[in-house]
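Presented below is the structure to which this report refers.
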Amino acid sequence: MRIPDNFDPASAEEKWYKTWEENGYFHADENDGREPFSIVIPPPNVTGSLHMGHALNNTIQDIIARWQRMMGKSVLWMPGMDHAGIATQNVVERLLREEGKSREELGREEFEKRVWEWKEHSGGQIKGQLRRLGSSLDWERERFTLDEGLSKAVQKVFKTLYDEGLIYKGFRIINWCPRCETALSDIETEYRELDGSFWHIRYRIAGTDEYIVVATTRPETMLGDTGVAVNPDDERYSHLVGKKVILPLVEREIPVFADSYVDREFGTGLVKVTPAHDPNDYEMGKRNGLEEINIMDTRGFINENGGVYRGLDRFAARKKIVEDLDKGGYLVKVEKHTHSVGHCYRCQTVIEPYLSSQWFVKIKPLAEEAIKSVEDGRIRFVPKNWEKTYYEWMYNIRDWCISRQLWWGHRIPAYYCDECGEMHVELDAPSKCSKCGSAKIRQEEDVLDTWFSSGLWPFSTMGWPENTAALQKYYPTSVLVTGFDIIFFWVARMIMMGLKFMDDIPFRDVYIHALVRDEHGHKMSKSRGNVVDPLIMMDKYGTDAFRFTLAVFAAQGRDVVFSEKRLEGYRSFTNKIWNSTKFILMNLPEDFKPEQLEPSRLEVFDRWILHRLNITVERVSLALEEYRFNDAANELYDFYWHEFCDWYIELTKQRLYSKDNSQAESSETARQVLYHVLSQSLKMMHPFMPYVTEEIWEGIKNSDEHLMVSSWPKKDSLYVFEKEASETETFKEIVYKIRNVRGEMNVPPDKKASVVFKTGSEDIAALIKREEVHIIALGRLSGITVDPAYVPDKSDASAVMSELEIYLPLKGLIDLGMEKSRLEKEITKAGSDLEKVEVKLSNESFTSKAPAEVIEKETKKRDELAAIVEKLKESLNKLAEL
RNA sequence: GGGCGAUUAGCUCAGCUGGUUAGAGUGCCUGCUUGACGUGCAGGAGGUCACUGGUUCGACUCCAGUAUCGCCCACCA
């Protein structure tokens, strides 16, 4: 048994990932007869590389997957990536631009080829990063949202929904991105408050010299105005209803009409109506029979309907129109106005409401069951408060625009006959029109929203629409791990689609984790330029430390601000684990064999640490079950470092180094306990820090089994030792008191004092005598005596516990003034605690209403504190006599 | 306008269903070549738990309000 002097993360990471994979540990076997546990990865977009959010997301999933595997489950963690329609198309277009090309020049087929090449590149990079992170994904099952099988699933879903009337084609106002030249769904529009202007414009009433004033934030849209609306109850303008006004610049006569949508208080109470470029105006136009005039092309330039402004970009047109209005005397005033403006979530271009023909999913019928599945607890959000967000959106859900005017995506399986215009929705392209028999068939140019295919992810990846063994065993999945930013985009859609097509929920739990934010609380994103690269962190600190830090940060219900300082601290932890193992191994013989530890062999500290180990097993397991990753990680950290290393290992040194032959059995027991606690700890730490733990395991294991596939520790009922645990706490307090006095008094370590213990308690006296060696070693003493009748010397430094007084005769070694102020400080501290307790106990309503056990506890505390204060005062008085 | 969350040590953060001496990492101070580790060991300083009320015998913890910050949704002619 041996490990190298130093841990080298880079080589261990490469070696172990390869070994695990080659041994097939990542692969899920449908036929293994074990209880299934499944997770599907939120498929990363093939747009580049992974960021901190991905690192957190996948670390959590890997912790769960590794833990469940060690729990003996048949674990499937399904890998894959998302084609990410707009986002990926944009990336490739940018690359083309750098080459001086455009996608139009390439043509659709060639362009798609280029995107596939990019997909290979980006996908490869992402896979490399996931591997580096240690993700135990079943790579044999890797899927892509645009691969053949998933395309089949998409077509099947589309056709089914279409046949049932849940997908329809409609001519409507949608959100249009003039840069991406595609429609977007409502949730793909991000609203931002912008400072703009509110232009007040004068319209002449036809046939008169009177004017009205309308106000607008988008003056360019007046080119498409076909009416002016007033509130039907607005007396100021009721005489105008039915009249016509002259649209300035355009010189078109348009009607004034009444519509209750208009808010009398806002602006001038008169609304210019542009049915083709505003959703509300569109509705009003429909209600009042207005003409719809589209004035823009797909890139946001004014089209032939815009007269002299034709060819101008929408913002240039706005500027020019305002100038012309001003020149023509139509501009009454300009106010400052802030309003929220929709932006494309992929390219941040200002969205244009745009009238066009698109495909929609009629979503309400699907939403109903999806709401129910959360209400009745079949699906559970963790933390629970996200359910409210989910309901809020689902109750107010609007039809989903699923068509995109892109080249990268699932082409909509609709076919048009060029002869008779008939539309066919089919799984396979029809060779001729079923209505007129023509062979002139053309497929719909539009592709589907990326989220349409990712919404099928939990079952499409398992082979649906075939009824595969994987689906039977692993669907529904056990848990979905994701960020709250895609609850609407993805989680809700998967729930709806899963219920509709699998007739079952897609996952039991939805664990919503924190978003990794920058120091200003902003999302880390490439466009903001505030990203921390996970690869750099892994290079610098090792993957294990990085993962452990993320786990510690993963507290529920709160976002995290990433801190490299904390990462540094947890790297030290991996170092600590390594070095402590080195110590243990150098104390084990060549032929060391782990044995079952009979309780009768165990000494008090052995019992204590095994008891603590039991508690840690329980706490870590419970925390993992409840998705409290930070608690689990902290529990392991505290146990391993501050109990096992700081105390138990230190305590074994006296036993291990003893030259006394009668101590041989005691040291052998210590060796067994050290090995046992180490190996059990490694198991529990493995899901968090897979590499360093497996590397250590390689050096200490006594079988061929790798740590990754070993079994998760269970509480051992043989090792429940309450009494020894509490005795050890007393022991620790004794040592702590001695160290405290030495430290406070600046007693140099080479000045070894002898300590006198004065106690009336036989238990404590026995404890001290029995653990004499350890007290001497840990307190750095020359010797100890127990003397119930000890009369302290005036120059003794002292410390007080509830049933014990500790005296350090430091004649000549200490500064009496220092000791005096130290005692005063102690008295103040204990005194104020005592006072608090006394106030409480003298309060009659407390003693009459508080539960008995609380009163008992407080009473005991008061007695102890009182005794301590008393003793401290005595010591101080003696000092004063000098 | 509606909703959610945050405010705890210099910094980054934990503290579950009310009773703890309010913790961790990091930073700071003191001492340490203690036969695993200075990425370490021992000791220490540092907090009116944002503010104001309320409920309660008892509030960092529950309730209401205020302030500041952040996020989501809706509307904005």
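If you're wondering about the labels, chains in the structure tokens are A, B, ... by order shown, residues count from 1 in each chain, ligands from 1 in order shown.
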Give me the residues within 9 Å of Gly779 of chain A as a list in words, counting only C-alpha atoms (C1' of nucleotides) and dropping any in the same chain fewer than 5 places off.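 The residues satisfying every condition are Val735, Tyr736, Ile738, Arg739, Arg742, Lys752 and His774 of chain A.
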Give me, as a Markdown table, the closest atom pair and its distance (Å, one decimal) for every residue of chain A within a cut-off of 6 Å of chain B, counting only C-alpha atoms (C1' of nucleotides), rows sorted by chain and rising number.
| residue | atom | partner | partner_atom | distance |
| --- | --- | --- | --- | --- |
| A:Thr216 | CA | B:A77 | C1' | 5.7 |
| A:Val271 | CA | B:A77 | C1' | 4.8 |
| A:Lys565 | CA | B:U26 | C1' | 6.0 |
| A:Arg566 | CA | B:G25 | C1' | 5.5 |
| A:Ser572 | CA | B:U39 | C1' | 4.4 |
| A:Asn579 | CA | B:A36 | C1' | 4.6 |
| A:Ser580 | CA | B:A36 | C1' | 5.0 |
| A:Lys582 | CA | B:A36 | C1' | 5.5 |
| A:Phe583 | CA | B:A36 | C1' | 4.1 |
| A:Gly743 | CA | B:G43 | C1' | 4.6 |
| A:Ser845 | CA | B:C57 | C1' | 4.7 |
| A:Phe846 | CA | B:C57 | C1' | 3.6 |
| A:Lys849 | CA | B:C57 | C1' | 5.5 |
| A:Ala850 | CA | B:C57 | C1' | 6.0 |
Restrict the selected residues to all heavy atoms and save them as an mmCIF file, in the first residue's frame.
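File produced: out-v9.cif:
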data_model
loop_
_atom_site.group_PDB
_atom_site.id
_atom_site.type_symbol
_atom_site.label_atom_id
_atom_site.label_comp_id
_atom_site.auth_asym_id
_atom_site.auth_seq_id
_atom_site.Cartn_x
_atom_site.Cartn_y
_atom_site.Cartn_z
ATOM 1 N N THR A 216 -46.571 59.181 -29.753
ATOM 2 C CA THR A 216 -46.029 57.869 -30.094
ATOM 3 C C THR A 216 -44.559 57.754 -29.715
ATOM 4 O O THR A 216 -43.847 58.747 -29.641
ATOM 5 C CB THR A 216 -46.179 57.585 -31.603
ATOM 6 O OG1 THR A 216 -45.679 56.286 -31.897
ATOM 7 C CG2 THR A 216 -45.417 58.614 -32.435
ATOM 8 N N VAL A 271 -54.844 57.460 -29.768
ATOM 9 C CA VAL A 271 -53.835 56.475 -30.153
ATOM 10 C C VAL A 271 -53.791 56.315 -31.674
ATOM 11 O O VAL A 271 -54.815 56.068 -32.304
ATOM 12 C CB VAL A 271 -54.153 55.097 -29.530
ATOM 13 C CG1 VAL A 271 -53.072 54.097 -29.905
ATOM 14 C CG2 VAL A 271 -54.274 55.215 -28.026
ATOM 15 N N LYS A 565 -11.160 32.613 -4.102
ATOM 16 C CA LYS A 565 -10.540 32.419 -2.783
ATOM 17 C C LYS A 565 -11.065 31.150 -2.112
ATOM 18 O O LYS A 565 -10.325 30.408 -1.477
ATOM 19 C CB LYS A 565 -10.843 33.620 -1.878
ATOM 20 C CG LYS A 565 -9.921 34.798 -2.098
ATOM 21 C CD LYS A 565 -8.585 34.581 -1.394
ATOM 22 C CE LYS A 565 -7.613 35.697 -1.754
ATOM 23 N NZ LYS A 565 -6.212 35.307 -1.669
ATOM 24 N N ARG A 566 -12.362 30.948 -2.254
ATOM 25 C CA ARG A 566 -12.953 29.760 -1.641
ATOM 26 C C ARG A 566 -12.418 28.511 -2.318
ATOM 27 O O ARG A 566 -12.158 27.503 -1.681
ATOM 28 C CB ARG A 566 -14.482 29.799 -1.734
ATOM 29 C CG ARG A 566 -15.097 31.027 -1.152
ATOM 30 C CD ARG A 566 -15.676 30.897 0.234
ATOM 31 N NE ARG A 566 -16.276 29.655 0.603
ATOM 32 C CZ ARG A 566 -17.499 29.526 1.076
ATOM 33 N NH1 ARG A 566 -18.278 30.582 1.147
ATOM 34 N NH2 ARG A 566 -17.936 28.370 1.476
ATOM 35 N N SER A 572 -6.912 23.131 -0.705
ATOM 36 C CA SER A 572 -6.150 22.688 0.458
ATOM 37 C C SER A 572 -6.752 21.421 1.049
ATOM 38 O O SER A 572 -6.050 20.594 1.612
ATOM 39 C CB SER A 572 -6.148 23.775 1.536
ATOM 40 O OG SER A 572 -5.655 24.966 1.005
ATOM 41 N N ASN A 579 -2.342 14.056 2.124
ATOM 42 C CA ASN A 579 -1.276 13.933 3.116
ATOM 43 C C ASN A 579 -1.664 13.083 4.305
ATOM 44 O O ASN A 579 -0.833 12.376 4.864
ATOM 45 C CB ASN A 579 -0.822 15.325 3.562
ATOM 46 C CG ASN A 579 0.083 15.954 2.526
ATOM 47 O OD1 ASN A 579 1.119 15.398 2.163
ATOM 48 N ND2 ASN A 579 -0.329 17.080 1.997
ATOM 49 N N SER A 580 -2.923 13.174 4.674
ATOM 50 C CA SER A 580 -3.350 12.338 5.800
ATOM 51 C C SER A 580 -3.260 10.856 5.404
ATOM 52 O O SER A 580 -2.896 10.015 6.219
ATOM 53 C CB SER A 580 -4.770 12.704 6.235
ATOM 54 O OG SER A 580 -5.666 12.615 5.144
ATOM 55 N N LYS A 582 -1.137 9.663 3.273
ATOM 56 C CA LYS A 582 0.298 9.334 3.306
ATOM 57 C C LYS A 582 0.723 8.945 4.716
ATOM 58 O O LYS A 582 1.443 7.969 4.930
ATOM 59 C CB LYS A 582 1.108 10.547 2.832
ATOM 60 C CG LYS A 582 1.693 10.346 1.461
ATOM 61 C CD LYS A 582 2.357 11.564 0.854
ATOM 62 C CE LYS A 582 3.064 12.490 1.793
ATOM 63 N NZ LYS A 582 3.572 13.691 1.074
ATOM 64 N N PHE A 583 0.252 9.721 5.668
ATOM 65 C CA PHE A 583 0.596 9.434 7.058
ATOM 66 C C PHE A 583 0.088 8.052 7.480
ATOM 67 O O PHE A 583 0.818 7.253 8.071
ATOM 68 C CB PHE A 583 0.013 10.503 7.982
ATOM 69 C CG PHE A 583 0.100 10.125 9.426
ATOM 70 C CD1 PHE A 583 1.287 10.271 10.117
ATOM 71 C CD2 PHE A 583 -1.000 9.574 10.087
ATOM 72 C CE1 PHE A 583 1.388 9.891 11.448
ATOM 73 C CE2 PHE A 583 -0.912 9.184 11.411
ATOM 74 C CZ PHE A 583 0.287 9.350 12.096
ATOM 75 N N GLY A 743 -1.367 29.411 24.851
ATOM 76 C CA GLY A 743 -1.368 30.333 23.726
ATOM 77 C C GLY A 743 -1.541 31.768 24.170
ATOM 78 O O GLY A 743 -0.795 32.652 23.765
ATOM 79 N N SER A 845 -42.595 34.084 33.933
ATOM 80 C CA SER A 845 -43.340 33.565 32.787
ATOM 81 C C SER A 845 -42.510 32.540 32.020
ATOM 82 O O SER A 845 -43.042 31.637 31.399
ATOM 83 C CB SER A 845 -43.793 34.702 31.863
ATOM 84 O OG SER A 845 -42.769 35.628 31.646
ATOM 85 N N PHE A 846 -41.171 32.699 32.107
ATOM 86 C CA PHE A 846 -40.321 31.697 31.479
ATOM 87 C C PHE A 846 -40.426 30.370 32.220
ATOM 88 O O PHE A 846 -40.698 29.332 31.638
ATOM 89 C CB PHE A 846 -38.866 32.164 31.442
ATOM 90 C CG PHE A 846 -37.900 31.107 30.972
ATOM 91 C CD1 PHE A 846 -37.804 30.781 29.634
ATOM 92 C CD2 PHE A 846 -37.088 30.432 31.889
ATOM 93 C CE1 PHE A 846 -36.927 29.796 29.199
ATOM 94 C CE2 PHE A 846 -36.210 29.437 31.463
ATOM 95 C CZ PHE A 846 -36.130 29.123 30.112
ATOM 96 N N LYS A 849 -43.837 28.761 31.683
ATOM 97 C CA LYS A 849 -44.311 28.391 30.342
ATOM 98 C C LYS A 849 -43.339 27.574 29.487
ATOM 99 O O LYS A 849 -43.777 26.846 28.594
ATOM 100 C CB LYS A 849 -44.711 29.659 29.578
ATOM 101 C CG LYS A 849 -45.979 30.265 30.124
ATOM 102 C CD LYS A 849 -46.388 31.489 29.347
ATOM 103 C CE LYS A 849 -47.649 32.099 29.949
ATOM 104 N NZ LYS A 849 -47.918 33.427 29.423
ATOM 105 N N ALA A 850 -42.059 27.755 29.737
ATOM 106 C CA ALA A 850 -41.105 27.026 28.905
ATOM 107 C C ALA A 850 -41.150 25.542 29.243
ATOM 108 O O ALA A 850 -41.468 25.165 30.365
ATOM 109 C CB ALA A 850 -39.711 27.578 29.116
#
Env of Ala370 of chain A: 9 Å cut, atoms = only C-alpha atoms (C1' of nucleotides), seq-sep filter 6 positions within chain, self excluded. Answer as a ChimeraX atom specification. /A:394,492-493,495-497,499,505
Those residues with N, CA and C atoms, as a PDB file, in the first residue's frame please?
ATOM      1  N   MET A 394     -47.882  28.963 -16.363  1.00  0.00           N
ATOM      2  CA  MET A 394     -48.757  27.980 -16.989  1.00  0.00           C
ATOM      3  C   MET A 394     -50.211  28.454 -17.025  1.00  0.00           C
ATOM      4  N   ALA A 492     -41.252  23.167 -18.503  1.00  0.00           N
ATOM      5  CA  ALA A 492     -42.699  23.137 -18.723  1.00  0.00           C
ATOM      6  C   ALA A 492     -43.038  22.376 -19.999  1.00  0.00           C
ATOM      7  N   ARG A 493     -42.271  22.602 -21.041  1.00  0.00           N
ATOM      8  CA  ARG A 493     -42.555  21.926 -22.308  1.00  0.00           C
ATOM      9  C   ARG A 493     -42.343  20.421 -22.201  1.00  0.00           C
ATOM     10  N   ILE A 495     -42.728  18.650 -19.549  1.00  0.00           N
ATOM     11  CA  ILE A 495     -43.830  18.099 -18.766  1.00  0.00           C
ATOM     12  C   ILE A 495     -45.051  17.917 -19.665  1.00  0.00           C
ATOM     13  N   MET A 496     -45.343  18.940 -20.469  1.00  0.00           N
ATOM     14  CA  MET A 496     -46.510  18.855 -21.347  1.00  0.00           C
ATOM     15  C   MET A 496     -46.350  17.739 -22.380  1.00  0.00           C
ATOM     16  N   MET A 497     -45.193  17.682 -22.984  1.00  0.00           N
ATOM     17  CA  MET A 497     -44.958  16.694 -24.037  1.00  0.00           C
ATOM     18  C   MET A 497     -44.893  15.280 -23.479  1.00  0.00           C
ATOM     19  N   LEU A 499     -46.367  14.122 -20.757  1.00  0.00           N
ATOM     20  CA  LEU A 499     -47.711  13.693 -20.382  1.00  0.00           C
ATOM     21  C   LEU A 499     -48.530  13.349 -21.621  1.00  0.00           C
ATOM     22  N   ILE A 505     -45.456  11.443 -16.454  1.00  0.00           N
ATOM     23  CA  ILE A 505     -44.529  12.550 -16.196  1.00  0.00           C
ATOM     24  C   ILE A 505     -43.135  12.209 -16.729  1.00  0.00           C
TER      25      ILE A 505
END
Alpha helix (DSSP H) positions in segment 580-794 of chain A, given as a ChimeraX atom specification: /A:580-586,604-625,629-637,650-657,664-685,690-700,722-744,762-770,772-779
Residue contacts of U66 of chain B (12 Å, only C-alpha atoms (C1' of nucleotides)) excluding same-chain residues fewer than 4 positions away, as JSON, numbers by chain: {"B": [50, 51, 52, 53]}
Let's see if you can do this: from backbone DSSP, list all strand (DSSP E) residues in segment 225-325 of chain A, as a PyMOL selection string. chain A and resi 227-230+244-247+252-258+270-273
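For the residues A:Arg236, A:His424, A:Arg299, A:Lys737, ranking by smallest atom-to-atom distance to Gly311 of chain A using only C-alpha atoms places A:Arg299 first.
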Which residues come within 9 Å of segment 820-833 of chain A, counting only C-alpha atoms (C1' of nucleotides), excluding same-chain residues fewer than 5 positions away, as a VMD selection string? (chain A and resid 741 744 to 745 798 to 799 815 838 862 865 to 866 868 to 870 872 to 873 875 to 876 879 to 880) or (chain B and resid 21)
Could the residues in this selection be written to a file with C-alpha atoms (C1' of nucleotides), as an mmCIF file, in the first residue's frame?
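Okay, selection.cif is ready:
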data_model
loop_
_atom_site.group_PDB
_atom_site.id
_atom_site.type_symbol
_atom_site.label_atom_id
_atom_site.label_comp_id
_atom_site.auth_asym_id
_atom_site.auth_seq_id
_atom_site.Cartn_x
_atom_site.Cartn_y
_atom_site.Cartn_z
ATOM 1 C CA VAL A 741 -3.762 29.214 28.500
ATOM 2 C CA GLU A 744 -2.774 33.323 25.515
ATOM 3 C CA MET A 745 0.188 33.485 27.870
ATOM 4 C CA SER A 798 -5.413 28.581 35.789
ATOM 5 C CA ALA A 799 -8.348 27.465 33.732
ATOM 6 C CA ASP A 815 3.818 37.731 33.045
ATOM 7 C CA GLU A 838 -30.087 34.321 35.431
ATOM 8 C CA ARG A 862 -26.401 28.609 35.339
ATOM 9 C CA LEU A 865 -21.294 29.150 34.887
ATOM 10 C CA ALA A 866 -21.689 30.281 38.471
ATOM 11 C CA ILE A 868 -16.718 28.785 36.893
ATOM 12 C CA VAL A 869 -17.045 32.481 37.624
ATOM 13 C CA GLU A 870 -16.484 31.727 41.279
ATOM 14 C CA LEU A 872 -11.995 32.386 38.215
ATOM 15 C CA LYS A 873 -12.553 35.097 40.782
ATOM 16 C CA SER A 875 -7.720 32.801 41.060
ATOM 17 C CA LEU A 876 -7.822 36.465 40.282
ATOM 18 C CA LEU A 879 -3.069 36.956 41.952
ATOM 19 C CA ALA A 880 -4.005 40.293 43.445
ATOM 20 C "C1'" U B 21 -21.393 30.274 23.553
#
Which residues are near segment 426-440 of chain A? Cut-off 6 Å, only C-alpha atoms (C1' of nucleotides), ignore same chain within fewer than 5 positions. Put them as a JSON list (two decimals) with all heavy atoms, in the first residue's frame.
[["chain", "number", "residue", "atom", "x", "y", "z"],
["A", 155, "GLN", "N", -41.04, 14.62, -35.92],
["A", 155, "GLN", "CA", -42.06, 14.55, -36.98],
["A", 155, "GLN", "C", -43.34, 13.89, -36.48],
["A", 155, "GLN", "O", -44.45, 14.35, -36.75],
["A", 155, "GLN", "CB", -41.51, 13.78, -38.17],
["A", 155, "GLN", "CG", -40.58, 14.63, -39.01],
["A", 155, "GLN", "CD", -39.60, 13.80, -39.80],
["A", 155, "GLN", "OE1", -39.80, 12.60, -40.01],
["A", 155, "GLN", "NE2", -38.52, 14.43, -40.25],
["A", 413, "PRO", "N", -42.64, 19.31, -41.22],
["A", 413, "PRO", "CA", -43.09, 18.28, -42.17],
["A", 413, "PRO", "C", -44.42, 18.63, -42.82],
["A", 413, "PRO", "O", -45.37, 17.84, -42.78],
["A", 413, "PRO", "CB", -43.18, 17.02, -41.31],
["A", 413, "PRO", "CG", -43.49, 17.53, -39.94],
["A", 413, "PRO", "CD", -42.85, 18.88, -39.81],
["A", 417, "CYS", "N", -48.68, 21.75, -52.40],
["A", 417, "CYS", "CA", -48.78, 21.42, -53.82],
["A", 417, "CYS", "C", -48.76, 22.71, -54.63],
["A", 417, "CYS", "O", -49.54, 23.62, -54.36],
["A", 417, "CYS", "CB", -50.08, 20.65, -54.09],
["A", 417, "CYS", "SG", -50.37, 20.44, -55.85],
["A", 418, "ASP", "N", -47.82, 22.79, -55.54],
["A", 418, "ASP", "CA", -47.69, 24.00, -56.34],
["A", 418, "ASP", "C", -48.85, 24.18, -57.32],
["A", 418, "ASP", "O", -49.11, 25.28, -57.80],
["A", 418, "ASP", "CB", -46.37, 24.00, -57.11],
["A", 418, "ASP", "CG", -45.24, 24.50, -56.23],
["A", 418, "ASP", "OD1", -45.55, 25.14, -55.19],
["A", 418, "ASP", "OD2", -44.06, 24.24, -56.55]]
Residue contacts of C63 of chain B (12 Å, only C-alpha atoms (C1' of nucleotides)) excluding same-chain residues fewer than 3 positions away, as a list in words: G53, G54, U55, U56 and A59 of chain B
Go ahead and write the residues just picked, all heavy atoms, as a compact mmCIF listing (two decimals), in the first residue's frame.
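Everything below was put into result.txt:
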# COMPACT_ATOMS: atom_id res chain seq x y z
P G B 53 -39.08 50.16 17.48
OP1 G B 53 -38.92 51.08 18.61
OP2 G B 53 -38.47 48.81 17.51
O5' G B 53 -40.62 50.00 17.18
C5' G B 53 -41.34 48.96 17.76
C4' G B 53 -42.58 48.67 16.96
O4' G B 53 -42.21 48.45 15.56
C3' G B 53 -43.28 47.40 17.37
O3' G B 53 -44.13 47.62 18.47
C2' G B 53 -44.02 47.00 16.09
O2' G B 53 -45.18 47.77 15.90
C1' G B 53 -42.97 47.36 15.04
N9 G B 53 -42.04 46.24 14.81
C8 G B 53 -40.69 46.19 15.10
N7 G B 53 -40.13 45.05 14.78
C5 G B 53 -41.18 44.30 14.26
C6 G B 53 -41.18 42.98 13.74
O6 G B 53 -40.23 42.20 13.65
N1 G B 53 -42.46 42.60 13.32
C2 G B 53 -43.57 43.40 13.38
N2 G B 53 -44.70 42.85 12.92
N3 G B 53 -43.58 44.63 13.86
C4 G B 53 -42.36 45.02 14.27
P G B 54 -44.08 46.60 19.68
OP1 G B 54 -44.88 47.16 20.80
OP2 G B 54 -42.68 46.20 19.91
O5' G B 54 -44.87 45.36 19.07
C5' G B 54 -46.20 45.54 18.57
C4' G B 54 -46.62 44.34 17.77
O4' G B 54 -45.70 44.13 16.66
C3' G B 54 -46.58 43.01 18.50
O3' G B 54 -47.71 42.84 19.33
C2' G B 54 -46.56 42.02 17.34
O2' G B 54 -47.83 41.84 16.77
C1' G B 54 -45.66 42.75 16.34
N9 G B 54 -44.27 42.28 16.39
C8 G B 54 -43.16 42.96 16.86
N7 G B 54 -42.06 42.27 16.77
C5 G B 54 -42.46 41.07 16.20
C6 G B 54 -41.70 39.91 15.85
O6 G B 54 -40.49 39.72 15.97
N1 G B 54 -42.51 38.92 15.31
C2 G B 54 -43.86 39.02 15.12
N2 G B 54 -44.47 37.96 14.58
N3 G B 54 -44.58 40.08 15.44
C4 G B 54 -43.82 41.06 15.97
P U B 55 -47.62 41.96 20.64
OP1 U B 55 -48.89 42.09 21.39
OP2 U B 55 -46.32 42.23 21.30
O5' U B 55 -47.57 40.49 20.02
C5' U B 55 -48.70 39.95 19.33
C4' U B 55 -48.38 38.55 18.86
O4' U B 55 -47.31 38.61 17.86
C3' U B 55 -47.82 37.62 19.94
O3' U B 55 -48.86 37.05 20.72
C2' U B 55 -47.10 36.57 19.08
O2' U B 55 -47.98 35.64 18.51
C1' U B 55 -46.50 37.45 17.97
N1 U B 55 -45.13 37.89 18.28
C2 U B 55 -44.10 37.00 18.01
O2 U B 55 -44.28 35.89 17.55
N3 U B 55 -42.84 37.46 18.32
C4 U B 55 -42.50 38.68 18.85
O4 U B 55 -41.33 38.93 19.08
C5 U B 55 -43.62 39.53 19.10
C6 U B 55 -44.86 39.12 18.82
P U B 56 -48.72 37.14 22.29
OP1 U B 56 -49.97 36.55 22.84
OP2 U B 56 -48.29 38.49 22.71
O5' U B 56 -47.53 36.13 22.58
C5' U B 56 -47.63 34.76 22.21
C4' U B 56 -46.30 34.08 22.38
O4' U B 56 -45.35 34.66 21.44
C3' U B 56 -45.64 34.29 23.73
O3' U B 56 -46.16 33.42 24.72
C2' U B 56 -44.17 33.98 23.38
O2' U B 56 -43.95 32.59 23.30
C1' U B 56 -44.05 34.60 21.99
N1 U B 56 -43.48 35.96 22.03
C2 U B 56 -42.11 36.08 21.89
O2 U B 56 -41.39 35.12 21.72
N3 U B 56 -41.62 37.36 21.96
C4 U B 56 -42.35 38.52 22.15
O4 U B 56 -41.77 39.59 22.20
C5 U B 56 -43.77 38.31 22.29
C6 U B 56 -44.27 37.07 22.23
P A B 59 -37.37 37.33 21.89
OP1 A B 59 -36.46 38.49 21.81
OP2 A B 59 -38.82 37.54 21.73
O5' A B 59 -36.92 36.21 20.84
C5' A B 59 -35.57 35.77 20.72
C4' A B 59 -35.21 35.72 19.25
O4' A B 59 -36.27 34.99 18.57
C3' A B 59 -35.13 37.09 18.59
O3' A B 59 -34.11 37.10 17.60
C2' A B 59 -36.48 37.27 17.97
O2' A B 59 -36.44 38.07 16.82
C1' A B 59 -36.85 35.84 17.59
N9 A B 59 -38.31 35.58 17.52
C8 A B 59 -39.34 36.32 18.02
N7 A B 59 -40.53 35.83 17.76
C5 A B 59 -40.26 34.68 17.04
C6 A B 59 -41.09 33.70 16.47
N6 A B 59 -42.41 33.73 16.55
N1 A B 59 -40.48 32.69 15.82
C2 A B 59 -39.14 32.66 15.75
N3 A B 59 -38.26 33.53 16.25
C4 A B 59 -38.89 34.51 16.88
Interatomic distance, atom CA of Phe37 of chain A to atom CA of Phe546 of chain A (Å, one decimal):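 Spanning atom CA of Phe37 of chain A to atom CA of Phe546 of chain A is a straight-line distance of 25.7 Å.
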When you draw a straight line from atom CA of Ala555 of chain A to atom CA of Tyr627 of chain A, how long is it in Å? 9.0 Å
Atom CA of Ala867 of chain A to atom CA of Ser802 of chain A, straight-line distance in Å: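 One can read the atom CA of Ser802 of chain A to atom CA of Ala867 of chain A distance as 6.6 Å.
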